[in-house]
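See structure below.
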Number of protein chains: 2
Amino acid sequence: MDTVQTRKGSSRQRNGAGKSTREFKLHAFLPYRLNRLAGHLSKALSAVYQERFDLSIPQWRVLATLQAEPGLTARDLASATSLDKVSVSRALAGLVDRELVQRSPHRHDARSSILRLSRRGTALFRRIAPLALAREAHWLAPLSLRERDQFLRLLAKLEAGLEIIEVPPTQSVRGAQGSAA
Amino acid sequence: MDTVQTRKGSSRQRNGAGKSTREFKLHAFLPYRLNRLAGHLSKALSAVYQERFDLSIPQWRVLATLQAEPGLTARDLASATSLDKVSVSRALAGLVDRELVQRSPHRHDARSSILRLSRRGTALFRRIAPLALAREAHWLAPLSLRERDQFLRLLAKLEAGLEIIEVPPTQSVRGAQGSAA
DNA sequence: GCTTACTAGTTTCATTTGAAACTATCTAGC
DNA sequence: GCTAGATAGTTTCAAATGAAACTAGTAAGC
């Protein structure tokens, strides 16, 4: 665990018991870098969603998920979108209000609803998706095709390590991960 | 493997001018993935900072930055930490209050202060940094050393493309980027 | 030296967020 | 079928956030 140390510089400080804090640089610290990068991307994207389509990011995630997998419940959506159930509830409230999403009763459970995009919701999604993909392509542009593959592969490895696991939750996947709570 | 589909209909949609929206999958969408990954990391880290040291993430960033570059002003800190000036102001308020950071008057500008870690601040930082680095190492563990280098290199390329640019702002770098405002 | 425009940092306010409480329903044990 | 505990989804509340207003000081033109 401590073996890793990408230490390059020779200057280091002693630290308690012989464990040397390599010169700590925030700008080289992975969580910081990822956070900043992710922040930039979502800020840019959410500007598009918001200004042009009046959707929040949670709403966008719900829309995209329902588009790919119609008939989910709110609970399914929470796990599929990595949002907590409160955010899903709120996102849905807005979407249903604008008639982009339809609720229909769940056959076996009166607490839940089955959710689908309405025709309008689908149409809206079809307008947004190409823009989102274009942005993504734009951000990936600095990388060659090979590099892109590499990057995405490595990203997947990191995700796997965190047990985020790329599981497009296929309906039945139940108590897999304790959601955001 | 095959596209997970509850309902099998037309498997592909045309879209406007022959550009076919590839089946959009949120879980394959870069901004989503990065966001989720970054979210996990900062959540885990901030738990450590918060519970064990009573520091927010902005405070941690400020601490780390001042440790590496004593004598910055609040403005410098904002650009070095990718925080907006409000966050920096608040973070500093807390740190100064707890006497982890010292303010001293700026020689040429009475509006600013020169900021440094106090002895206590430095001591605190030295306790946290190894934990933060250990966590980072832990997260990177799924990658081989080579893969790590690759990943970080590719990350840097993406950052460069966004004009985030890895500039550990060396004191003098002034109007480089217009801060968050 | 005054007036005008600008910048550093703080405060205010409205929005976003998520944890905890709550309501309604479901399931299991009896 | 009735109770006890779990779960789906909503509401409530308090904390975090950031934009805009504000305060205090600087810089430049005259």
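We label chains A, B, ... in the order they appear in the structure tokens, count residues from 1 in each chain, and number ligands from 1 in the order shown.
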Residues near stretch 66-72 of chain B, anyone? I mean within 9 Å using only C-alpha atoms (C1' of nucleotides), not counting same-chain ones fewer than 5 positions away, as a ChimeraX atom specification. /A:23-26 /B:61,77,101,113-117,121-122,125,170-171
Show me, as a Markdown table, the residues of chain A having an atom within 7 Å of chain B, each with the closest atom pair and its distance in Å, using only C-alpha atoms.
```
| residue | atom | partner | partner_atom | distance |
| --- | --- | --- | --- | --- |
| A:Met1 | CA | B:His138 | CA | 6.0 |
| A:Asp2 | CA | B:Ala134 | CA | 5.9 |
| A:Val4 | CA | B:Ala137 | CA | 5.9 |
| A:Thr21 | CA | B:Pro130 | CA | 6.0 |
| A:Lys25 | CA | B:Ala68 | CA | 6.9 |
| A:Leu26 | CA | B:Ala64 | CA | 6.4 |
| A:His27 | CA | B:Pro168 | CA | 6.6 |
| A:Leu30 | CA | B:Glu136 | CA | 6.6 |
| A:Pro31 | CA | B:Leu41 | CA | 6.0 |
| A:Leu34 | CA | B:Ala38 | CA | 5.4 |
| A:Asn35 | CA | B:Ala38 | CA | 5.0 |
| A:Leu37 | CA | B:Glu159 | CA | 6.7 |
| A:Ala38 | CA | B:Asn35 | CA | 5.0 |
| A:Leu41 | CA | B:Pro31 | CA | 6.0 |
| A:Ser42 | CA | B:Pro31 | CA | 6.4 |
| A:Ala64 | CA | B:Leu26 | CA | 6.4 |
| A:Thr65 | CA | B:Leu26 | CA | 6.6 |
| A:Ala68 | CA | B:Lys25 | CA | 6.9 |
| A:Glu69 | CA | B:Gln5 | CA | 6.4 |
| A:Pro130 | CA | B:Thr21 | CA | 6.3 |
| A:Glu136 | CA | B:Leu30 | CA | 6.6 |
| A:Trp139 | CA | B:Leu158 | CA | 6.9 |
| A:Leu140 | CA | B:Leu158 | CA | 6.9 |
| A:Pro142 | CA | B:Gly161 | CA | 6.1 |
| A:Phe151 | CA | B:Phe151 | CA | 6.3 |
| A:Leu154 | CA | B:Phe151 | CA | 6.6 |
| A:Lys157 | CA | B:Pro142 | CA | 6.4 |
| A:Leu158 | CA | B:Pro142 | CA | 6.3 |
| A:Glu159 | CA | B:Leu37 | CA | 6.7 |
| A:Gly161 | CA | B:Pro142 | CA | 6.1 |
| A:Glu166 | CA | B:His27 | CA | 6.9 |
| A:Pro168 | CA | B:His27 | CA | 6.9 |
```
Can you spit out the residues from that selection as an mmCIF file, in the first residue's frame, using N, CA and C atoms?
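Saved result, part-v8.cif, follows:
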```cif
data_model
loop_
_atom_site.group_PDB
_atom_site.id
_atom_site.type_symbol
_atom_site.label_atom_id
_atom_site.label_comp_id
_atom_site.auth_asym_id
_atom_site.auth_seq_id
_atom_site.Cartn_x
_atom_site.Cartn_y
_atom_site.Cartn_z
ATOM 1 N N MET A 1 0.820 -1.210 0.000
ATOM 2 C CA MET A 1 0.000 0.000 0.000
ATOM 3 C C MET A 1 0.849 1.253 0.000
ATOM 4 N N ASP A 2 1.865 1.273 0.854
ATOM 5 C CA ASP A 2 2.706 2.464 0.875
ATOM 6 C C ASP A 2 3.846 2.327 -0.110
ATOM 7 N N VAL A 4 3.922 2.449 -3.154
ATOM 8 C CA VAL A 4 3.772 3.069 -4.452
ATOM 9 C C VAL A 4 4.657 4.282 -4.702
ATOM 10 N N THR A 21 7.199 11.947 3.694
ATOM 11 C CA THR A 21 6.209 12.617 2.887
ATOM 12 C C THR A 21 6.920 13.174 1.668
ATOM 13 N N LYS A 25 2.271 17.842 -3.674
ATOM 14 C CA LYS A 25 1.837 18.860 -4.613
ATOM 15 C C LYS A 25 0.381 18.637 -4.969
ATOM 16 N N LEU A 26 -0.457 19.577 -4.584
ATOM 17 C CA LEU A 26 -1.877 19.430 -4.847
ATOM 18 C C LEU A 26 -2.154 19.166 -6.317
ATOM 19 N N HIS A 27 -1.426 19.837 -7.165
ATOM 20 C CA HIS A 27 -1.680 19.719 -8.599
ATOM 21 C C HIS A 27 -1.288 18.370 -9.173
ATOM 22 N N LEU A 30 -4.136 13.002 -7.410
ATOM 23 C CA LEU A 30 -5.171 12.455 -8.279
ATOM 24 C C LEU A 30 -6.594 12.897 -7.948
ATOM 25 N N PRO A 31 -7.013 12.806 -6.709
ATOM 26 C CA PRO A 31 -8.406 13.196 -6.436
ATOM 27 C C PRO A 31 -8.667 14.649 -6.823
ATOM 28 N N LEU A 34 -8.824 14.806 -10.735
ATOM 29 C CA LEU A 34 -10.050 14.227 -11.280
ATOM 30 C C LEU A 34 -11.245 15.104 -10.971
ATOM 31 N N ASN A 35 -11.233 15.627 -9.785
ATOM 32 C CA ASN A 35 -12.341 16.450 -9.367
ATOM 33 C C ASN A 35 -12.450 17.708 -10.221
ATOM 34 N N LEU A 37 -11.168 18.133 -13.206
ATOM 35 C CA LEU A 37 -11.514 17.778 -14.579
ATOM 36 C C LEU A 37 -13.008 17.495 -14.697
ATOM 37 N N ALA A 38 -13.492 16.629 -13.821
ATOM 38 C CA ALA A 38 -14.909 16.287 -13.858
ATOM 39 C C ALA A 38 -15.766 17.533 -13.670
ATOM 40 N N LEU A 41 -16.022 19.481 -16.914
ATOM 41 C CA LEU A 41 -16.912 18.843 -17.880
ATOM 42 C C LEU A 41 -18.362 19.014 -17.484
ATOM 43 N N SER A 42 -18.676 18.747 -16.241
ATOM 44 C CA SER A 42 -20.103 18.825 -15.935
ATOM 45 C C SER A 42 -20.605 20.247 -15.935
ATOM 46 N N ALA A 64 -31.754 10.029 -19.912
ATOM 47 C CA ALA A 64 -30.898 9.142 -20.696
ATOM 48 C C ALA A 64 -31.097 7.690 -20.290
ATOM 49 N N THR A 65 -31.273 7.484 -19.009
ATOM 50 C CA THR A 65 -31.423 6.113 -18.528
ATOM 51 C C THR A 65 -32.751 5.522 -18.947
ATOM 52 N N ALA A 68 -32.785 4.467 -22.535
ATOM 53 C CA ALA A 68 -32.147 3.187 -22.834
ATOM 54 C C ALA A 68 -32.889 2.012 -22.213
ATOM 55 N N GLU A 69 -33.513 2.262 -21.081
ATOM 56 C CA GLU A 69 -34.192 1.165 -20.384
ATOM 57 C C GLU A 69 -35.548 1.584 -19.861
ATOM 58 N N PRO A 130 -27.058 13.975 -29.334
ATOM 59 C CA PRO A 130 -25.957 14.248 -30.268
ATOM 60 C C PRO A 130 -25.048 15.360 -29.766
ATOM 61 N N GLU A 136 -18.433 15.255 -25.829
ATOM 62 C CA GLU A 136 -17.547 14.212 -25.358
ATOM 63 C C GLU A 136 -16.414 14.002 -26.365
ATOM 64 N N TRP A 139 -13.891 16.703 -26.150
ATOM 65 C CA TRP A 139 -12.965 16.623 -25.023
ATOM 66 C C TRP A 139 -11.938 15.519 -25.208
ATOM 67 N N LEU A 140 -12.349 14.497 -25.920
ATOM 68 C CA LEU A 140 -11.425 13.389 -26.142
ATOM 69 C C LEU A 140 -10.480 13.666 -27.311
ATOM 70 N N PRO A 142 -7.992 15.582 -27.860
ATOM 71 C CA PRO A 142 -6.532 15.614 -27.695
ATOM 72 C C PRO A 142 -5.877 14.234 -27.711
ATOM 73 N N PHE A 151 -7.144 5.052 -22.323
ATOM 74 C CA PHE A 151 -7.673 5.846 -21.222
ATOM 75 C C PHE A 151 -8.948 5.236 -20.662
ATOM 76 N N LEU A 154 -8.234 2.074 -18.730
ATOM 77 C CA LEU A 154 -7.639 2.317 -17.418
ATOM 78 C C LEU A 154 -8.684 2.875 -16.456
ATOM 79 N N LYS A 157 -10.627 0.149 -15.124
ATOM 80 C CA LYS A 157 -9.906 -0.572 -14.074
ATOM 81 C C LYS A 157 -10.026 0.149 -12.739
ATOM 82 N N LEU A 158 -9.876 1.436 -12.787
ATOM 83 C CA LEU A 158 -9.993 2.197 -11.546
ATOM 84 C C LEU A 158 -11.400 2.066 -10.976
ATOM 85 N N GLU A 159 -12.368 2.169 -11.844
ATOM 86 C CA GLU A 159 -13.750 2.025 -11.393
ATOM 87 C C GLU A 159 -13.956 0.670 -10.742
ATOM 88 N N GLY A 161 -11.861 -1.163 -9.302
ATOM 89 C CA GLY A 161 -11.200 -1.170 -8.002
ATOM 90 C C GLY A 161 -12.048 -0.547 -6.913
ATOM 91 N N GLU A 166 -19.049 -1.363 -13.582
ATOM 92 C CA GLU A 166 -19.912 -0.985 -14.702
ATOM 93 C C GLU A 166 -21.088 -1.938 -14.820
ATOM 94 N N PRO A 168 -24.683 -1.964 -15.820
ATOM 95 C CA PRO A 168 -25.933 -1.345 -16.249
ATOM 96 C C PRO A 168 -27.034 -2.186 -15.640
#
```
Pick from D:DC2, D:DA20, D:DA8, D:DC13 nearest to chain B, counting only C-alpha atoms (C1' of nucleotides):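 Once distances to chain B are computed over only C-alpha atoms (C1' of nucleotides), the minimum belongs to D:DA20.
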Hey, can you check how far atom C1' of D:DA14 sits from atom C1' of C:DC13?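 Taking atom C1' of D:DA14 as the start and atom C1' of C:DC13 as the end point, the length is 15.9 Å.
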Give me, as a ChimeraX atom specification, the residues of chain D touching chain B, with the criterion being at most 10 Å (counting only C-alpha atoms (C1' of nucleotides)). /D:17-19,24-26
Restricting it to N, CA and C atoms (P, O5', C5', C4', C3', O3' and C1' of nucleotides), dump the selection as a PDB file, in the first residue's frame.
```pdb
ATOM      1  P    DT D  17     -19.167  22.977  -0.234  1.00  0.00           P
ATOM      2  O5'  DT D  17     -19.819  24.010  -1.236  1.00  0.00           O
ATOM      3  C5'  DT D  17     -20.615  23.505  -2.303  1.00  0.00           C
ATOM      4  C4'  DT D  17     -21.346  24.636  -2.952  1.00  0.00           C
ATOM      5  C3'  DT D  17     -20.445  25.734  -3.507  1.00  0.00           C
ATOM      6  O3'  DT D  17     -20.286  25.524  -4.889  1.00  0.00           O
ATOM      7  C1'  DT D  17     -22.472  26.555  -2.519  1.00  0.00           C
ATOM      8  P    DG D  18     -19.115  26.282  -5.604  1.00  0.00           P
ATOM      9  O5'  DG D  18     -19.821  27.510  -6.322  1.00  0.00           O
ATOM     10  C5'  DG D  18     -21.145  27.353  -6.828  1.00  0.00           C
ATOM     11  C4'  DG D  18     -21.741  28.737  -7.087  1.00  0.00           C
ATOM     12  C3'  DG D  18     -20.728  29.797  -7.502  1.00  0.00           C
ATOM     13  O3'  DG D  18     -21.418  30.739  -8.296  1.00  0.00           O
ATOM     14  C1'  DG D  18     -21.741  30.495  -5.571  1.00  0.00           C
ATOM     15  P    DA D  19     -20.751  31.343  -9.605  1.00  0.00           P
ATOM     16  O5'  DA D  19     -21.794  32.451 -10.090  1.00  0.00           O
ATOM     17  C5'  DA D  19     -23.188  32.183 -10.070  1.00  0.00           C
ATOM     18  C4'  DA D  19     -23.945  33.431  -9.636  1.00  0.00           C
ATOM     19  C3'  DA D  19     -23.376  34.744 -10.173  1.00  0.00           C
ATOM     20  O3'  DA D  19     -24.472  35.537 -10.630  1.00  0.00           O
ATOM     21  C1'  DA D  19     -23.469  34.819  -7.796  1.00  0.00           C
ATOM     22  P    DA D  24     -15.731  49.807   5.065  1.00  0.00           P
ATOM     23  O5'  DA D  24     -14.330  49.593   4.339  1.00  0.00           O
ATOM     24  C5'  DA D  24     -13.604  48.398   4.632  1.00  0.00           C
ATOM     25  C4'  DA D  24     -12.390  48.375   3.751  1.00  0.00           C
ATOM     26  C3'  DA D  24     -11.604  49.696   3.740  1.00  0.00           C
ATOM     27  O3'  DA D  24     -10.239  49.376   3.878  1.00  0.00           O
ATOM     28  C1'  DA D  24     -12.072  49.018   1.541  1.00  0.00           C
ATOM     29  P    DG D  25      -9.195  50.478   4.249  1.00  0.00           P
ATOM     30  O5'  DG D  25      -8.256  50.537   2.959  1.00  0.00           O
ATOM     31  C5'  DG D  25      -7.564  49.344   2.651  1.00  0.00           C
ATOM     32  C4'  DG D  25      -7.359  49.309   1.173  1.00  0.00           C
ATOM     33  C3'  DG D  25      -6.411  50.386   0.640  1.00  0.00           C
ATOM     34  O3'  DG D  25      -5.208  49.747   0.273  1.00  0.00           O
ATOM     35  C1'  DG D  25      -8.264  50.007  -0.786  1.00  0.00           C
ATOM     36  P    DT D  26      -3.997  50.643  -0.224  1.00  0.00           P
ATOM     37  O5'  DT D  26      -4.115  50.520  -1.818  1.00  0.00           O
ATOM     38  C5'  DT D  26      -4.012  49.234  -2.413  1.00  0.00           C
ATOM     39  C4'  DT D  26      -4.165  49.388  -3.905  1.00  0.00           C
ATOM     40  C3'  DT D  26      -3.156  50.343  -4.543  1.00  0.00           C
ATOM     41  O3'  DT D  26      -2.536  49.641  -5.604  1.00  0.00           O
ATOM     42  C1'  DT D  26      -5.352  50.853  -5.251  1.00  0.00           C
TER      43       DT D  26
END
```
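Counting from atom CA of A:Ser118, the distance to atom CA of A:Gln50 is 19.9 Å.
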Counting only C-alpha atoms (C1' of nucleotides), what are the residues of chain C within 8 Å of chain A, and for each of them which pair of atoms is the nearest and at what distance in Å, to one decimal? Sort the table by chain and rising number, as JSON lines.
```
{"residue": "C:DG18", "atom": "C1'", "partner": "A:Val86", "partner_atom": "CA", "distance": 7.6}
{"residue": "C:DA24", "atom": "C1'", "partner": "A:Arg111", "partner_atom": "CA", "distance": 6.9}
{"residue": "C:DT25", "atom": "C1'", "partner": "A:Arg111", "partner_atom": "CA", "distance": 5.7}
{"residue": "C:DC26", "atom": "C1'", "partner": "A:Asp109", "partner_atom": "CA", "distance": 7.4}
```
From a backbone DSSP assignment, name each residue in stretch 12-165 of chain A labelled alpha helix (DSSP H), as a count of residues only. 91
For D:DG5, find every residue with an atom within 12 Å (counting only C-alpha atoms (C1' of nucleotides)), except residues of its own chain fewer than 3 positions away, and show them as a ChimeraX atom specification. /C:26-29
Got a sec: who's within 9 Å of C:DT10, counting only C-alpha atoms (C1' of nucleotides), leaving out chain neighbours fewer than 3 positions off, as a compact mmCIF listing (two decimals) with N, CA and C atoms (P, O5', C5', C4', C3', O3' and C1' of nucleotides), in the first residue's frame?
```
# COMPACT_ATOMS: atom_id res chain seq x y z
N VAL B 86 -14.92 33.16 -2.81
CA VAL B 86 -15.79 33.02 -1.65
C VAL B 86 -15.37 31.80 -0.83
N SER B 89 -12.15 32.46 0.95
CA SER B 89 -12.38 33.35 2.08
C SER B 89 -12.92 32.57 3.27
N ARG B 90 -13.89 31.74 3.02
CA ARG B 90 -14.48 30.97 4.11
C ARG B 90 -13.49 29.95 4.67
P DC D 22 -25.69 46.73 -2.67
O5' DC D 22 -24.35 46.59 -1.83
C5' DC D 22 -24.40 45.84 -0.62
C4' DC D 22 -23.01 45.74 -0.03
C3' DC D 22 -22.31 47.08 0.14
O3' DC D 22 -22.09 47.29 1.53
C1' DC D 22 -20.86 45.42 -0.73
P DT D 23 -21.52 48.76 2.01
O5' DT D 23 -19.99 48.44 2.32
C5' DT D 23 -19.67 47.35 3.18
C4' DT D 23 -18.16 47.29 3.34
C3' DT D 23 -17.49 48.65 3.49
O3' DT D 23 -16.56 48.54 4.55
C1' DT D 23 -16.52 47.48 1.69
```
Can you tell me which residues surround C:DA5 at a distance of at most 10 Å, considering only C-alpha atoms (C1' of nucleotides), apart from same-chain residues fewer than 2 positions away, and format the answer as a PyMOL selection string? (chain C and resi 3+7) or (chain D and resi 27-28)
Atoms to include: C-alpha atoms (C1' of nucleotides). Write the selected residues as an mmCIF file, in the first residue's frame.
```cif
data_model
loop_
_atom_site.group_PDB
_atom_site.id
_atom_site.type_symbol
_atom_site.label_atom_id
_atom_site.label_comp_id
_atom_site.auth_asym_id
_atom_site.auth_seq_id
_atom_site.Cartn_x
_atom_site.Cartn_y
_atom_site.Cartn_z
ATOM 1 C "C1'" DT C 3 -12.322 61.814 -9.541
ATOM 2 C "C1'" DT C 7 -9.253 44.850 -7.624
ATOM 3 C "C1'" DA D 27 -4.114 52.961 -9.720
ATOM 4 C "C1'" DA D 28 -4.448 56.254 -13.424
#
```
